[in-house]
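Enquirer: Structure provided below as structure tokens; questions to follow.
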Amino acid sequence: LFNHVNVFDLVVLSAVWDEGCSVIYKKEFHKIPMMGRLMRFFGMIPIDRGNRERAVESMAEAAQMVRDKNKKVMIAPEGTRSHDGRLGAFKRGPFHLALETRAPVVPLIMRGLETLVPGLSKPPRTGVLRVDILPPIETEYWSRRTLDEHVEAVRQRFLKYLPDATA
């Protein structure tokens, strides 16, 4: 799981992901010429955030990759970018994926990208980007009944490093 700051997250993530890793991305990237095709070509999974049934299908595809192909899947639990580096509320989809696959959740926290790339209309700046990859969180004992507690516990780990956008 990674905090989503802006479109350049993918550049940063590409420096840390292993071969055989996939990313779940918003299907709106298909509106950008060649972008969606390239993302699918590289085995990334589009998610339709406006259609619950299709979103569930995308998460099932991700779960199959994890179980059957032993792939890692990267996803932003906030569901959208923050622009300013503050941590938004977490969606439950990534945690349902962890619950279904029993794969550990590995928090990846990016700090500084919001100042290096302050927006697409502004030029990038020099500075420091820090990426912290925290120890894996085991999910083998998670249950649907306690899922909200796990979502909050993982979010609290992120908040040790990032300011809260929901406060």
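In the structure tokens, chains take the letters A, B, ... in the order shown, each chain's residues start at 1, and ligands count up from 1 in the order shown.
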Counting only C-alpha atoms, what is within 12 Å of Tyr141 of chain A, bar same-chain residues fewer than 4 positions away, as an mmCIF file with N, CA and C atoms, in the first residue's frame?

Expert:
data_model
loop_
_atom_site.group_PDB
_atom_site.id
_atom_site.type_symbol
_atom_site.label_atom_id
_atom_site.label_comp_id
_atom_site.auth_asym_id
_atom_site.auth_seq_id
_atom_site.Cartn_x
_atom_site.Cartn_y
_atom_site.Cartn_z
ATOM 1 N N ALA A 98 -6.475 -7.987 0.725
ATOM 2 C CA ALA A 98 -5.573 -8.631 1.693
ATOM 3 C C ALA A 98 -6.298 -9.741 2.449
ATOM 4 N N LEU A 99 -7.530 -9.500 2.821
ATOM 5 C CA LEU A 99 -8.317 -10.493 3.539
ATOM 6 C C LEU A 99 -8.544 -11.740 2.671
ATOM 7 N N GLU A 100 -8.852 -11.519 1.409
ATOM 8 C CA GLU A 100 -9.121 -12.634 0.503
ATOM 9 C C GLU A 100 -7.867 -13.454 0.192
ATOM 10 N N THR A 101 -6.730 -12.794 0.050
ATOM 11 C CA THR A 101 -5.502 -13.494 -0.344
ATOM 12 C C THR A 101 -4.644 -13.917 0.836
ATOM 13 N N ARG A 102 -4.891 -13.279 1.988
ATOM 14 C CA ARG A 102 -4.068 -13.499 3.188
ATOM 15 C C ARG A 102 -2.617 -13.066 2.969
ATOM 16 N N ALA A 103 -2.388 -12.274 1.935
ATOM 17 C CA ALA A 103 -1.054 -11.740 1.674
ATOM 18 C C ALA A 103 -0.767 -10.629 2.679
ATOM 19 N N PRO A 104 0.477 -10.496 3.099
ATOM 20 C CA PRO A 104 0.800 -9.402 4.019
ATOM 21 C C PRO A 104 0.652 -8.042 3.333
ATOM 22 N N ILE A 137 2.723 -6.308 7.405
ATOM 23 C CA ILE A 137 1.659 -6.537 8.387
ATOM 24 C C ILE A 137 0.962 -7.830 7.974
ATOM 25 N N ARG A 145 -15.320 -9.317 10.188
ATOM 26 C CA ARG A 145 -15.889 -8.665 11.363
ATOM 27 C C ARG A 145 -14.962 -7.575 11.918
ATOM 28 N N THR A 146 -13.654 -7.784 11.813
ATOM 29 C CA THR A 146 -12.697 -6.834 12.378
ATOM 30 C C THR A 146 -11.980 -6.006 11.305
ATOM 31 N N LEU A 147 -12.479 -6.059 10.071
ATOM 32 C CA LEU A 147 -11.779 -5.387 8.975
ATOM 33 C C LEU A 147 -11.624 -3.891 9.213
ATOM 34 N N HIS A 150 -8.693 -3.132 11.301
ATOM 35 C CA HIS A 150 -7.422 -3.306 10.599
ATOM 36 C C HIS A 150 -7.143 -2.127 9.667
#

Enquirer: Write out as a ChimeraX atom specification all residues of segment 4-80 of chain A that DSSP puts in alpha helix (DSSP H) for this structure's backbone.

Expert: /A:9-16,35-41,52-69

Enquirer: Can you list, as a ChimeraX atom specification, every residue of segment 19-99 of chain A that DSSP puts in strand (DSSP E)?

Expert: /A:21-26,45-47,72-74

Enquirer: I want to know what sits within 10 Å of Gln64 of chain A, based on only C-alpha atoms, with residues of the same chain fewer than 5 positions away left out; could you give that as a ChimeraX atom specification?

Expert: /A:58-59,69-71,97,100-101

Enquirer: Please save all heavy atoms of the selected residues as an mmCIF file, in the first residue's frame.

Expert:
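Output contents, as saved in selection-v3.cif:
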data_model
loop_
_atom_site.group_PDB
_atom_site.id
_atom_site.type_symbol
_atom_site.label_atom_id
_atom_site.label_comp_id
_atom_site.auth_asym_id
_atom_site.auth_seq_id
_atom_site.Cartn_x
_atom_site.Cartn_y
_atom_site.Cartn_z
ATOM 1 N N SER A 58 -12.188 -6.086 -10.786
ATOM 2 C CA SER A 58 -10.769 -5.731 -10.835
ATOM 3 C C SER A 58 -10.029 -6.264 -9.618
ATOM 4 O O SER A 58 -8.907 -6.766 -9.725
ATOM 5 C CB SER A 58 -10.597 -4.211 -10.911
ATOM 6 O OG SER A 58 -11.101 -3.714 -12.124
ATOM 7 N N MET A 59 -10.656 -6.169 -8.460
ATOM 8 C CA MET A 59 -10.019 -6.671 -7.241
ATOM 9 C C MET A 59 -9.914 -8.198 -7.290
ATOM 10 O O MET A 59 -8.942 -8.773 -6.805
ATOM 11 C CB MET A 59 -10.793 -6.209 -6.007
ATOM 12 C CG MET A 59 -10.772 -4.693 -5.828
ATOM 13 S SD MET A 59 -9.124 -3.980 -5.824
ATOM 14 C CE MET A 59 -8.750 -4.121 -4.110
ATOM 15 N N LYS A 69 -0.323 -16.481 -9.354
ATOM 16 C CA LYS A 69 0.940 -16.138 -9.998
ATOM 17 C C LYS A 69 1.979 -15.611 -9.012
ATOM 18 O O LYS A 69 3.056 -15.191 -9.412
ATOM 19 C CB LYS A 69 0.688 -15.115 -11.105
ATOM 20 C CG LYS A 69 -0.231 -15.638 -12.196
ATOM 21 C CD LYS A 69 -0.502 -14.590 -13.238
ATOM 22 C CE LYS A 69 -1.465 -15.148 -14.292
ATOM 23 N NZ LYS A 69 -1.875 -14.113 -15.233
ATOM 24 N N ASN A 70 1.598 -15.572 -7.730
ATOM 25 C CA ASN A 70 2.503 -15.093 -6.676
ATOM 26 C C ASN A 70 3.031 -13.682 -6.956
ATOM 27 O O ASN A 70 4.187 -13.370 -6.686
ATOM 28 C CB ASN A 70 3.654 -16.077 -6.472
ATOM 29 C CG ASN A 70 4.281 -15.912 -5.113
ATOM 30 O OD1 ASN A 70 3.618 -15.519 -4.153
ATOM 31 N ND2 ASN A 70 5.567 -16.193 -5.025
ATOM 32 N N LYS A 71 2.171 -12.836 -7.531
ATOM 33 C CA LYS A 71 2.549 -11.459 -7.829
ATOM 34 C C LYS A 71 2.232 -10.559 -6.646
ATOM 35 O O LYS A 71 1.340 -10.841 -5.859
ATOM 36 C CB LYS A 71 1.805 -10.936 -9.060
ATOM 37 C CG LYS A 71 2.364 -11.434 -10.357
ATOM 38 C CD LYS A 71 1.810 -10.614 -11.500
ATOM 39 C CE LYS A 71 2.530 -10.956 -12.779
ATOM 40 N NZ LYS A 71 2.291 -9.959 -13.805
ATOM 41 N N LEU A 97 -8.903 -7.143 -0.423
ATOM 42 C CA LEU A 97 -7.936 -7.910 -1.213
ATOM 43 C C LEU A 97 -6.975 -8.660 -0.284
ATOM 44 O O LEU A 97 -6.719 -9.848 -0.468
ATOM 45 C CB LEU A 97 -7.158 -6.975 -2.143
ATOM 46 C CG LEU A 97 -6.056 -7.587 -2.985
ATOM 47 C CD1 LEU A 97 -6.597 -8.657 -3.926
ATOM 48 C CD2 LEU A 97 -5.336 -6.488 -3.776
ATOM 49 N N GLU A 100 -8.852 -11.519 1.409
ATOM 50 C CA GLU A 100 -9.121 -12.634 0.503
ATOM 51 C C GLU A 100 -7.867 -13.454 0.192
ATOM 52 O O GLU A 100 -7.927 -14.677 0.083
ATOM 53 C CB GLU A 100 -9.725 -12.118 -0.799
ATOM 54 C CG GLU A 100 -10.116 -13.223 -1.744
ATOM 55 C CD GLU A 100 -10.810 -12.720 -2.997
ATOM 56 O OE1 GLU A 100 -11.398 -11.629 -2.980
ATOM 57 O OE2 GLU A 100 -10.753 -13.447 -3.998
ATOM 58 N N THR A 101 -6.730 -12.794 0.050
ATOM 59 C CA THR A 101 -5.502 -13.494 -0.344
ATOM 60 C C THR A 101 -4.644 -13.917 0.836
ATOM 61 O O THR A 101 -3.765 -14.748 0.692
ATOM 62 C CB THR A 101 -4.641 -12.604 -1.253
ATOM 63 O OG1 THR A 101 -4.243 -11.436 -0.532
ATOM 64 C CG2 THR A 101 -5.391 -12.235 -2.529
#

Enquirer: What is the distance, in Å and to one decimal place, between atom CA of Pro46 of chain A and atom CA of Glu19 of chain A?

Expert: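 Result for atom CA of Pro46 of chain A versus atom CA of Glu19 of chain A: 18.9 Å, one decimal.
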
Enquirer: Using only C-alpha atoms, which residues of segment 4-85 of chain A come within 9 Å of segment 105-116 of chain A, and what is the closest atom pair for each, with the distance in Å to one decimal? Give it as CSV, sorted by chain and residue number.

Expert:
residue,atom,partner,partner_atom,distance
A:His4,CA,A:Met110,CA,8.2
A:Val5,CA,A:Glu114,CA,6.3
A:Asn6,CA,A:Glu114,CA,7.3
A:Phe8,CA,A:Leu113,CA,8.0
A:Asp9,CA,A:Leu113,CA,7.9
A:Val12,CA,A:Met110,CA,8.6
A:Ser82,CA,A:Glu114,CA,8.6
A:His83,CA,A:Glu114,CA,6.1
A:Asp84,CA,A:Glu114,CA,5.4
A:Gly85,CA,A:Glu114,CA,5.6

Enquirer: Please indicate the distance in Å from atom CA of Pro77 of chain A to atom CA of Pro123 of chain A, rounded to one decimal place.

Expert: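 Atom CA of Pro77 of chain A sits 27.4 Å away from atom CA of Pro123 of chain A.
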
Enquirer: Quick check, in Å to one decimal: how far apart do atom CA of Arg155 of chain A and atom CA of Ser22 of chain A lie?

Expert: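 According to the coordinates, atom CA of Arg155 of chain A and atom CA of Ser22 of chain A are separated by 21.9 Å.
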
Enquirer: Neighbours of Met39 of chain A within 9 Å (only C-alpha atoms; same-chain residues fewer than 3 positions away dropped), as an MDAnalysis selection string?

Expert: chainID A and resid 23 25 29:30 34:36 42:46

Enquirer: Could you pull the residues within 10 Å of Asp164 of chain A, counting only C-alpha atoms, minus those fewer than 6 positions along the same chain, as a VMD selection string?

Expert: chain A and resid 85 to 89 155 to 156 158

Enquirer: Please dump the current selection as a JSON list (two decimals), in the first residue's frame; keep C-alpha atoms.

Expert:
[["chain", "number", "residue", "atom", "x", "y", "z"],
["A", 85, "GLY", "CA", 1.11, 15.06, 0.86],
["A", 86, "ARG", "CA", -1.55, 14.79, 3.57],
["A", 87, "LEU", "CA", -3.10, 11.36, 4.09],
["A", 88, "GLY", "CA", -6.73, 10.95, 3.09],
["A", 89, "ALA", "CA", -9.30, 8.47, 4.33],
["A", 155, "ARG", "CA", -3.84, 4.05, 8.52],
["A", 156, "GLN", "CA", -2.43, 4.92, 11.94],
["A", 158, "PHE", "CA", 0.90, 5.83, 7.85]]

Enquirer: From the set A:Ala60, A:Ala55, A:Val151, A:Val66, which residue has the shortest atom-to-atom contact distance to Lys26 of chain A, counting only C-alpha atoms?

Expert: A:Ala55

Enquirer: Considering only C-alpha atoms, can you say which of A:Leu120, A:Pro94, A:Met74, A:Val128 comes closest to Ser14 of chain A?

Expert: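 That would be A:Met74, the residue with the smallest distance to Ser14 of chain A.
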
Enquirer: Of the residues A:Glu78, A:Cys21, A:Val154, A:Met65, which is the one nearest to Thr166 of chain A, using only C-alpha atoms?

Expert: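 Checking each of A:Glu78, A:Cys21, A:Val154, A:Met65 against Thr166 of chain A, counting only C-alpha atoms, the winner is A:Glu78.
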